[in-house]
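Data from work-v5.pdb: PDB, C-alpha atoms, pLDDT in the B column
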ATOM      1  CA  PRO A   1     239.765 119.773-345.716  1.00 33.00           C
ATOM      2  CA  GLU A   2     243.198 120.653-346.938  1.00 37.00           C
ATOM      3  CA  VAL A   3     246.289 120.343-344.763  1.00 40.00           C
ATOM      4  CA  ALA A   4     248.250 123.497-343.952  1.00 40.00           C
ATOM      5  CA  ILE A   5     251.985 123.025-343.542  1.00 40.00           C
ATOM      6  CA  ILE A   6     253.252 125.717-341.201  1.00 40.00           C
ATOM      7  CA  VAL A   7     256.936 124.770-341.127  1.00 41.00           C
ATOM      8  CA  GLU A   8     257.869 123.448-344.542  1.00 43.00           C
ATOM      9  CA  SER A   9     260.864 121.242-345.090  1.00 48.00           C
ATOM     10  CA  PRO A  10     263.032 121.841-348.188  1.00 50.00           C
ATOM     11  CA  TRP A  11     262.145 118.319-349.359  1.00 47.00           C
ATOM     12  CA  TRP A  12     258.398 119.056-349.200  1.00 48.00           C
ATOM     13  CA  ARG A  13     258.832 122.288-351.150  1.00 54.00           C
ATOM     14  CA  ARG A  14     260.713 120.419-353.857  1.00 55.00           C
ATOM     15  CA  MET A  15     257.987 117.789-353.990  1.00 52.00           C
ATOM     16  CA  ARG A  16     255.235 120.409-354.283  1.00 52.00           C
ATOM     17  CA  SER A  17     257.047 122.248-357.069  1.00 54.00           C
ATOM     18  CA  SER A  18     257.183 119.054-359.134  1.00 51.00           C
ATOM     19  CA  ARG A  19     253.594 117.960-358.488  1.00 47.00           C
ATOM     20  CA  GLY A  20     251.676 117.210-361.650  1.00 44.00           C
ATOM     21  CA  GLY A  21     254.791 116.663-363.745  1.00 44.00           C
ATOM     22  CA  ARG A  22     255.731 113.032-364.241  1.00 42.00           C
ATOM     23  CA  GLN A  23     259.361 113.615-365.160  1.00 44.00           C
ATOM     24  CA  GLY A  24     261.515 110.540-365.616  1.00 42.00           C
ATOM     25  CA  ARG A  25     263.665 111.455-362.656  1.00 45.00           C
ATOM     26  CA  LEU A  26     260.655 111.050-360.361  1.00 47.00           C
ATOM     27  CA  MET A  27     259.317 107.791-361.692  1.00 57.00           C
ATOM     28  CA  ASN A  28     262.045 105.648-360.135  1.00 69.00           C
ATOM     29  CA  LYS A  29     261.619 107.011-356.602  1.00 84.00           C
ATOM     30  CA  ASN A  30     260.037 104.613-354.137  1.00 92.00           C
ATOM     31  CA  ILE A  31     258.425 106.218-351.102  1.00 94.00           C
ATOM     32  CA  LEU A  32     257.101 104.440-348.024  1.00 95.00           C
ATOM     33  CA  VAL A  33     254.486 106.376-346.033  1.00 95.00           C
ATOM     34  CA  THR A  34     253.850 105.186-342.493  1.00 96.00           C
ATOM     35  CA  GLY A  35     250.399 106.060-341.230  1.00 94.00           C
ATOM     36  CA  GLY A  36     249.453 106.197-344.893  1.00 93.00           C
ATOM     37  CA  THR A  37     245.856 105.131-344.314  1.00 89.00           C
ATOM     38  CA  GLY A  38     245.092 107.948-341.848  1.00 87.00           C
ATOM     39  CA  PHE A  39     243.613 111.427-342.334  1.00 82.00           C
ATOM     40  CA  LEU A  40     246.930 113.074-343.181  1.00 86.00           C
ATOM     41  CA  GLY A  41     248.598 110.005-344.662  1.00 90.00           C
ATOM     42  CA  ARG A  42     245.965 109.489-347.342  1.00 90.00           C
ATOM     43  CA  ARG A  43     246.383 113.056-348.587  1.00 88.00           C
ATOM     44  CA  VAL A  44     250.184 112.973-348.513  1.00 90.00           C
ATOM     45  CA  SER A  45     250.211 109.625-350.328  1.00 92.00           C
ATOM     46  CA  ALA A  46     247.885 111.009-353.002  1.00 91.00           C
ATOM     47  CA  ALA A  47     250.029 114.128-353.461  1.00 89.00           C
ATOM     48  CA  LEU A  48     253.175 112.032-353.820  1.00 90.00           C
ATOM     49  CA  SER A  49     251.489 109.708-356.289  1.00 89.00           C
ATOM     50  CA  ASP A  50     250.303 112.700-358.323  1.00 87.00           C
ATOM     51  CA  ALA A  51     253.879 113.958-358.394  1.00 85.00           C
ATOM     52  CA  GLY A  52     255.012 110.741-360.069  1.00 85.00           C
ATOM     53  CA  TYR A  53     256.460 108.726-357.218  1.00 89.00           C
ATOM     54  CA  TYR A  54     255.873 105.057-356.509  1.00 92.00           C
ATOM     55  CA  VAL A  55     254.103 105.130-353.142  1.00 94.00           C
ATOM     56  CA  SER A  56     253.576 102.352-350.616  1.00 94.00           C
ATOM     57  CA  SER A  57     251.361 103.148-347.625  1.00 94.00           C
ATOM     58  CA  ILE A  58     251.125 101.151-344.425  1.00 95.00           C
ATOM     59  CA  GLY A  59     248.557 101.511-341.655  1.00 93.00           C
ATOM     60  CA  SER A  60     247.936 100.472-338.075  1.00 90.00           C
ATOM     61  CA  LYS A  61     248.119  96.736-338.746  1.00 91.00           C
ATOM     62  CA  PHE A  62     251.899  97.183-338.635  1.00 95.00           C
ATOM     63  CA  ASP A  63     252.928  97.803-335.011  1.00 96.00           C
ATOM     64  CA  LEU A  64     255.916 100.091-335.438  1.00 97.00           C
ATOM     65  CA  THR A  65     256.480 100.218-331.679  1.00 96.00           C
ATOM     66  CA  ILE A  66     258.072  96.782-332.150  1.00 97.00           C
ATOM     67  CA  GLU A  67     261.606  97.207-333.430  1.00 96.00           C
ATOM     68  CA  SER A  68     261.618  94.036-335.554  1.00 97.00           C
ATOM     69  CA  VAL A  69     258.355  95.042-337.252  1.00 96.00           C
ATOM     70  CA  ALA A  70     259.610  98.520-338.140  1.00 97.00           C
ATOM     71  CA  HIS A  71     262.876  97.113-339.449  1.00 96.00           C
ATOM     72  CA  GLY A  72     261.120  94.372-341.406  1.00 96.00           C
ATOM     73  CA  VAL A  73     258.679  96.768-343.080  1.00 96.00           C
ATOM     74  CA  ILE A  74     261.412  99.134-344.227  1.00 96.00           C
ATOM     75  CA  GLU A  75     263.760  96.344-345.268  1.00 95.00           C
ATOM     76  CA  SER A  76     261.060  94.558-347.296  1.00 95.00           C
ATOM     77  CA  HIS A  77     259.895  97.704-349.110  1.00 94.00           C
ATOM     78  CA  GLN A  78     263.433  99.010-349.746  1.00 93.00           C
ATOM     79  CA  PRO A  79     262.256 102.614-350.191  1.00 94.00           C
ATOM     80  CA  ASP A  80     264.378 105.526-351.324  1.00 92.00           C
ATOM     81  CA  VAL A  81     262.412 107.769-348.961  1.00 91.00           C
ATOM     82  CA  VAL A  82     260.431 107.130-345.781  1.00 93.00           C
ATOM     83  CA  VAL A  83     257.746 109.642-344.774  1.00 93.00           C
ATOM     84  CA  HIS A  84     256.930 108.910-341.134  1.00 94.00           C
ATOM     85  CA  LEU A  85     253.368 110.028-340.392  1.00 93.00           C
ATOM     86  CA  ALA A  86     252.278 107.189-338.106  1.00 94.00           C
ATOM     87  CA  ALA A  87     251.271 108.392-334.645  1.00 92.00           C
ATOM     88  CA  VAL A  88     249.129 107.530-331.659  1.00 90.00           C
ATOM     89  CA  CYS A  89     247.121 110.632-330.910  1.00 82.00           C
ATOM     90  CA  GLY A  90     243.867 111.596-329.254  1.00 78.00           C
ATOM     91  CA  GLY A  91     241.915 114.404-327.710  1.00 76.00           C
ATOM     92  CA  ILE A  92     242.260 116.244-324.434  1.00 76.00           C
ATOM     93  CA  GLY A  93     240.404 113.570-322.483  1.00 78.00           C
ATOM     94  CA  ALA A  94     242.570 110.764-323.805  1.00 80.00           C
ATOM     95  CA  ASN A  95     245.800 112.682-323.211  1.00 81.00           C
ATOM     96  CA  ARG A  96     244.784 113.422-319.642  1.00 83.00           C
ATOM     97  CA  SER A  97     243.870 109.840-318.815  1.00 87.00           C
ATOM     98  CA  GLU A  98     246.780 108.078-320.555  1.00 89.00           C
ATOM     99  CA  PRO A  99     249.679 110.532-320.868  1.00 90.00           C
ATOM    100  CA  GLY A 100     252.294 107.807-320.590  1.00 92.00           C
ATOM    101  CA  ARG A 101     250.789 105.850-323.459  1.00 93.00           C
ATOM    102  CA  TYR A 102     250.982 108.789-325.846  1.00 91.00           C
ATOM    103  CA  PHE A 103     254.571 109.531-324.917  1.00 94.00           C
ATOM    104  CA  ARG A 104     255.706 105.904-325.003  1.00 95.00           C
ATOM    105  CA  LYS A 105     254.003 104.809-328.225  1.00 95.00           C
ATOM    106  CA  ASN A 106     255.068 107.827-330.275  1.00 95.00           C
ATOM    107  CA  ILE A 107     258.653 107.883-329.148  1.00 96.00           C
ATOM    108  CA  GLN A 108     258.981 104.113-329.657  1.00 97.00           C
ATOM    109  CA  MET A 109     257.633 104.328-333.204  1.00 96.00           C
ATOM    110  CA  GLY A 110     259.841 107.269-334.060  1.00 95.00           C
ATOM    111  CA  ILE A 111     263.030 105.731-332.690  1.00 95.00           C
ATOM    112  CA  ASN A 112     262.370 102.425-334.466  1.00 96.00           C
ATOM    113  CA  VAL A 113     261.589 104.044-337.825  1.00 95.00           C
ATOM    114  CA  ILE A 114     264.543 106.437-337.701  1.00 91.00           C
ATOM    115  CA  ASP A 115     266.994 103.721-336.695  1.00 91.00           C
ATOM    116  CA  SER A 116     265.617 101.216-339.204  1.00 93.00           C
ATOM    117  CA  ALA A 117     265.982 103.789-341.975  1.00 91.00           C
ATOM    118  CA  ARG A 118     269.589 104.281-340.945  1.00 87.00           C
ATOM    119  CA  LEU A 119     270.355 100.564-340.773  1.00 89.00           C
ATOM    120  CA  THR A 120     268.734  99.724-344.118  1.00 90.00           C
ATOM    121  CA  GLY A 121     270.379 102.575-346.011  1.00 88.00           C
ATOM    122  CA  VAL A 122     267.288 104.668-346.747  1.00 89.00           C
ATOM    123  CA  LYS A 123     268.395 107.772-348.631  1.00 86.00           C
ATOM    124  CA  SER A 124     265.985 110.209-347.025  1.00 87.00           C
ATOM    125  CA  LEU A 125     263.592 110.219-344.058  1.00 89.00           C
ATOM    126  CA  ILE A 126     260.965 112.893-343.448  1.00 89.00           C
ATOM    127  CA  MET A 127     259.173 112.979-340.113  1.00 89.00           C
ATOM    128  CA  CYS A 128     255.930 114.768-339.388  1.00 86.00           C
ATOM    129  CA  GLY A 129     255.906 116.931-336.280  1.00 84.00           C
ATOM    130  CA  THR A 130     253.034 118.503-334.380  1.00 86.00           C
ATOM    131  CA  VAL A 131     251.986 121.943-333.221  1.00 85.00           C
ATOM    132  CA  CYS A 132     251.496 120.298-329.807  1.00 86.00           C
ATOM    133  CA  SER A 133     255.272 120.580-329.404  1.00 90.00           C
ATOM    134  CA  TYR A 134     255.132 124.374-329.370  1.00 89.00           C
ATOM    135  CA  PRO A 135     255.041 126.324-326.084  1.00 92.00           C
ATOM    136  CA  ARG A 136     251.605 126.930-324.594  1.00 91.00           C
ATOM    137  CA  ASP A 137     251.928 130.715-324.865  1.00 90.00           C
ATOM    138  CA  CYS A 138     253.671 130.790-328.233  1.00 89.00           C
ATOM    139  CA  PRO A 139     252.626 133.866-330.228  1.00 88.00           C
ATOM    140  CA  ALA A 140     251.033 133.361-333.634  1.00 83.00           C
ATOM    141  CA  PRO A 141     252.098 132.888-336.299  1.00 83.00           C
ATOM    142  CA  PHE A 142     254.408 130.154-335.014  1.00 83.00           C
ATOM    143  CA  GLN A 143     258.060 130.336-336.035  1.00 83.00           C
ATOM    144  CA  GLU A 144     260.462 127.408-336.193  1.00 81.00           C
ATOM    145  CA  ASP A 145     262.753 129.041-333.632  1.00 84.00           C
ATOM    146  CA  ASP A 146     259.871 129.211-331.118  1.00 88.00           C
ATOM    147  CA  LEU A 147     259.778 125.443-330.700  1.00 87.00           C
ATOM    148  CA  TRP A 148     262.117 125.337-327.706  1.00 88.00           C
ATOM    149  CA  ASN A 149     261.015 128.568-326.031  1.00 92.00           C
ATOM    150  CA  GLY A 150     258.729 127.030-323.425  1.00 93.00           C
ATOM    151  CA  TYR A 151     256.739 124.088-322.148  1.00 93.00           C
ATOM    152  CA  PRO A 152     253.864 122.772-324.304  1.00 92.00           C
ATOM    153  CA  GLU A 153     250.206 122.975-323.342  1.00 89.00           C
ATOM    154  CA  GLU A 154     249.897 120.601-320.367  1.00 89.00           C
ATOM    155  CA  THR A 155     247.026 118.569-321.796  1.00 85.00           C
ATOM    156  CA  ASN A 156     249.088 117.638-324.875  1.00 86.00           C
ATOM    157  CA  ALA A 157     252.560 117.811-323.356  1.00 91.00           C
ATOM    158  CA  PRO A 158     253.468 114.070-323.374  1.00 92.00           C
ATOM    159  CA  TYR A 159     252.627 113.752-327.064  1.00 91.00           C
ATOM    160  CA  GLY A 160     254.310 117.036-327.947  1.00 91.00           C
ATOM    161  CA  ILE A 161     257.451 116.305-325.930  1.00 93.00           C
ATOM    162  CA  ALA A 162     257.783 112.855-327.510  1.00 94.00           C
ATOM    163  CA  LYS A 163     257.806 114.524-330.922  1.00 92.00           C
ATOM    164  CA  LYS A 164     260.318 117.142-329.756  1.00 91.00           C
ATOM    165  CA  ALA A 165     262.624 114.378-328.529  1.00 92.00           C
ATOM    166  CA  LEU A 166     262.438 112.803-331.979  1.00 92.00           C
ATOM    167  CA  PHE A 167     263.258 116.179-333.552  1.00 87.00           C
ATOM    168  CA  GLU A 168     266.453 116.152-331.515  1.00 86.00           C
ATOM    169  CA  MET A 169     267.169 112.575-332.561  1.00 86.00           C
ATOM    170  CA  LEU A 170     266.820 113.612-336.204  1.00 83.00           C
ATOM    171  CA  SER A 171     269.187 116.513-335.645  1.00 77.00           C
ATOM    172  CA  ALA A 172     271.746 114.310-333.911  1.00 77.00           C
ATOM    173  CA  SER A 173     271.422 111.566-336.522  1.00 74.00           C
ATOM    174  CA  SER A 174     271.893 113.943-339.435  1.00 69.00           C
ATOM    175  CA  SER A 175     275.195 115.122-337.986  1.00 60.00           C
ATOM    176  CA  ASP A 176     276.783 111.732-337.306  1.00 61.00           C
ATOM    177  CA  ILE A 177     275.261 109.434-339.943  1.00 59.00           C
ATOM    178  CA  THR A 178     276.359 109.527-343.559  1.00 57.00           C
ATOM    179  CA  GLY A 179     274.203 108.270-346.406  1.00 62.00           C
ATOM    180  CA  THR A 180     270.794 109.183-344.992  1.00 66.00           C
ATOM    181  CA  ALA A 181     269.292 112.676-345.101  1.00 72.00           C
ATOM    182  CA  PHE A 182     266.825 113.545-342.337  1.00 71.00           C
ATOM    183  CA  ASP A 183     264.152 116.210-342.632  1.00 71.00           C
ATOM    184  CA  LEU A 184     261.188 117.503-340.663  1.00 69.00           C
ATOM    185  CA  CYS A 185     257.909 119.231-341.433  1.00 71.00           C
ATOM    186  CA  ILE A 186     255.327 120.417-338.934  1.00 67.00           C
ATOM    187  CA  VAL A 187     251.717 120.497-340.039  1.00 61.00           C
ATOM    188  CA  ALA A 188     248.568 122.136-338.786  1.00 59.00           C
ATOM    189  CA  MET A 189     245.182 120.692-339.740  1.00 53.00           C
ATOM    190  CA  PRO A 190     242.325 123.194-339.796  1.00 47.00           C
ATOM    191  CA  PHE A 191     239.232 122.453-337.754  1.00 46.00           C
ATOM    192  CA  THR A 192     236.279 121.079-339.646  1.00 47.00           C
ATOM    193  CA  ARG A 193     232.741 120.223-338.722  1.00 48.00           C
ATOM    194  CA  VAL A 194     232.068 116.543-338.047  1.00 47.00           C
ATOM    195  CA  PRO A 195     228.610 115.073-337.464  1.00 46.00           C
ATOM    196  CA  VAL A 196     229.674 113.003-334.442  1.00 48.00           C
ATOM    197  CA  TYR A 197     232.611 113.394-332.125  1.00 50.00           C
ATOM    198  CA  SER A 198     233.803 111.888-328.876  1.00 57.00           C
ATOM    199  CA  LEU A 199     234.660 114.130-325.952  1.00 54.00           C
ATOM    200  CA  ARG A 200     237.455 111.691-325.165  1.00 56.00           C
ATOM    201  CA  SER A 201     239.046 111.337-328.592  1.00 55.00           C
ATOM    202  CA  ALA A 202     238.203 114.613-330.348  1.00 54.00           C
ATOM    203  CA  LEU A 203     240.992 117.126-330.825  1.00 53.00           C
ATOM    204  CA  ALA A 204     238.498 119.963-330.545  1.00 49.00           C
ATOM    205  CA  ALA A 205     234.767 120.356-330.069  1.00 43.00           C
ATOM    206  CA  THR A 206     232.499 123.344-330.578  1.00 43.00           C
ATOM    207  CA  PRO A 207     228.774 123.930-330.095  1.00 42.00           C
ATOM    208  CA  ASP A 208     228.796 126.296-333.081  1.00 41.00           C
ATOM    209  CA  PRO A 209     227.056 124.525-336.019  1.00 41.00           C
ATOM    210  CA  ASN A 210     229.164 126.621-338.407  1.00 41.00           C
ATOM    211  CA  PRO A 211     232.616 126.726-336.812  1.00 37.00           C
ATOM    212  CA  LYS A 212     235.218 129.009-338.334  1.00 36.00           C
ATOM    213  CA  CYS A 213     238.984 128.902-338.190  1.00 31.00           C
ATOM    214  CA  ASP A 214     241.070 132.060-338.436  1.00 31.00           C
ATOM    215  CA  ALA A 215     244.366 130.222-338.722  1.00 28.00           C
TER
END

With the file now loaded, output its structure as structure tokens.
Amino acid sequence: PEVAIIVESPWWRRMRSSRGGRQGRLMNKNILVTGGTGFLGRRVSAALSDAGYYVSSIGSKFDLTIESVAHGVIESHQPDVVVHLAAVCGGIGANRSEPGRYFRKNIQMGINVIDSARLTGVKSLIMCGTVCSYPRDCPAPFQEDDLWNGYPEETNAPYGIAKKALFEMLSASSSDITGTAFDLCIVAMPFTRVPVYSLRSALAATPDPNPKCDA
């Protein structure tokens, strides 16, 4: 399935407009994608590579909740841009049973990546948000200004609030740090049929053998 970006960052729009053209100005850009081996990360890495960037992707073997690991990864790769897609996420069952884990792991990773980018002089950092940050009763289609208009759906609240806290960190960092540009995009992944799913880890489950998504 394709990935639908519902709140596009200016950086992502620029990247999309240049996709397919391997202009010289793109060829010397080094991009580090965290979570680059995951569902979203693989597709973002491929799109960036198609656009002519040098892309390095790292997966779960790098524990970004550890400050020294996050700093070491970014320092060793020396990227021009970091795209932070790494996340610890799960379904309703997992969020209900371990809410603290989802808050703690995601906010730790985000803080470490953002601060390491700042300390190593990364020129640009783009962080992926989540629709779980939006208020439970937010009307569709979602608007960027709706993000702070209410409390998220309770089953996903710890994960969503962790991401919202990182949004605020990005906003604060962009106003008091020179040399690094911070950006945010929020994505929505359409539902797709899978042959096997876990009630604990699945983001959604349906008995319909031909599920449809109106979004």

Do you know which residues the PyMOL selection byres ((chain A and resi 153-163) around 10) returns on this file, as a ChimeraX atom specification? /A:87-108,110,127-138,150-152,164-169

Tell me which residues the PyMOL selection byres ((chain A and resi 61) around 12) grabs here, as an MDAnalysis selection string. chainID A and resid 34:37 57:60 62:66 69:70 73 86

To one decimal place, how far is CA of Asp115 in chain A from CA of Phe142 in chain A in Å?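 Interatomic distance, CA of Asp115 in chain A to CA of Phe142 in chain A: 29.3 Å.
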
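Candidate residues A:Glu67, A:Ile74, A:Leu85, A:Asp145 were compared for distance to Ser45 in chain A, and the nearest is A:Leu85, using all atoms listed in the file.
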
What does the distance from CA of Asn112 in chain A to CA of His71 in chain A come to in Å, to one decimal?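 That distance, rounded to one decimal, is 7.3 Å.
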
Considering only C-alpha atoms, can you say which of A:Pro79, A:Gln143, A:Lys29, A:Asn149 comes closest to Ser49 in chain A? A:Lys29
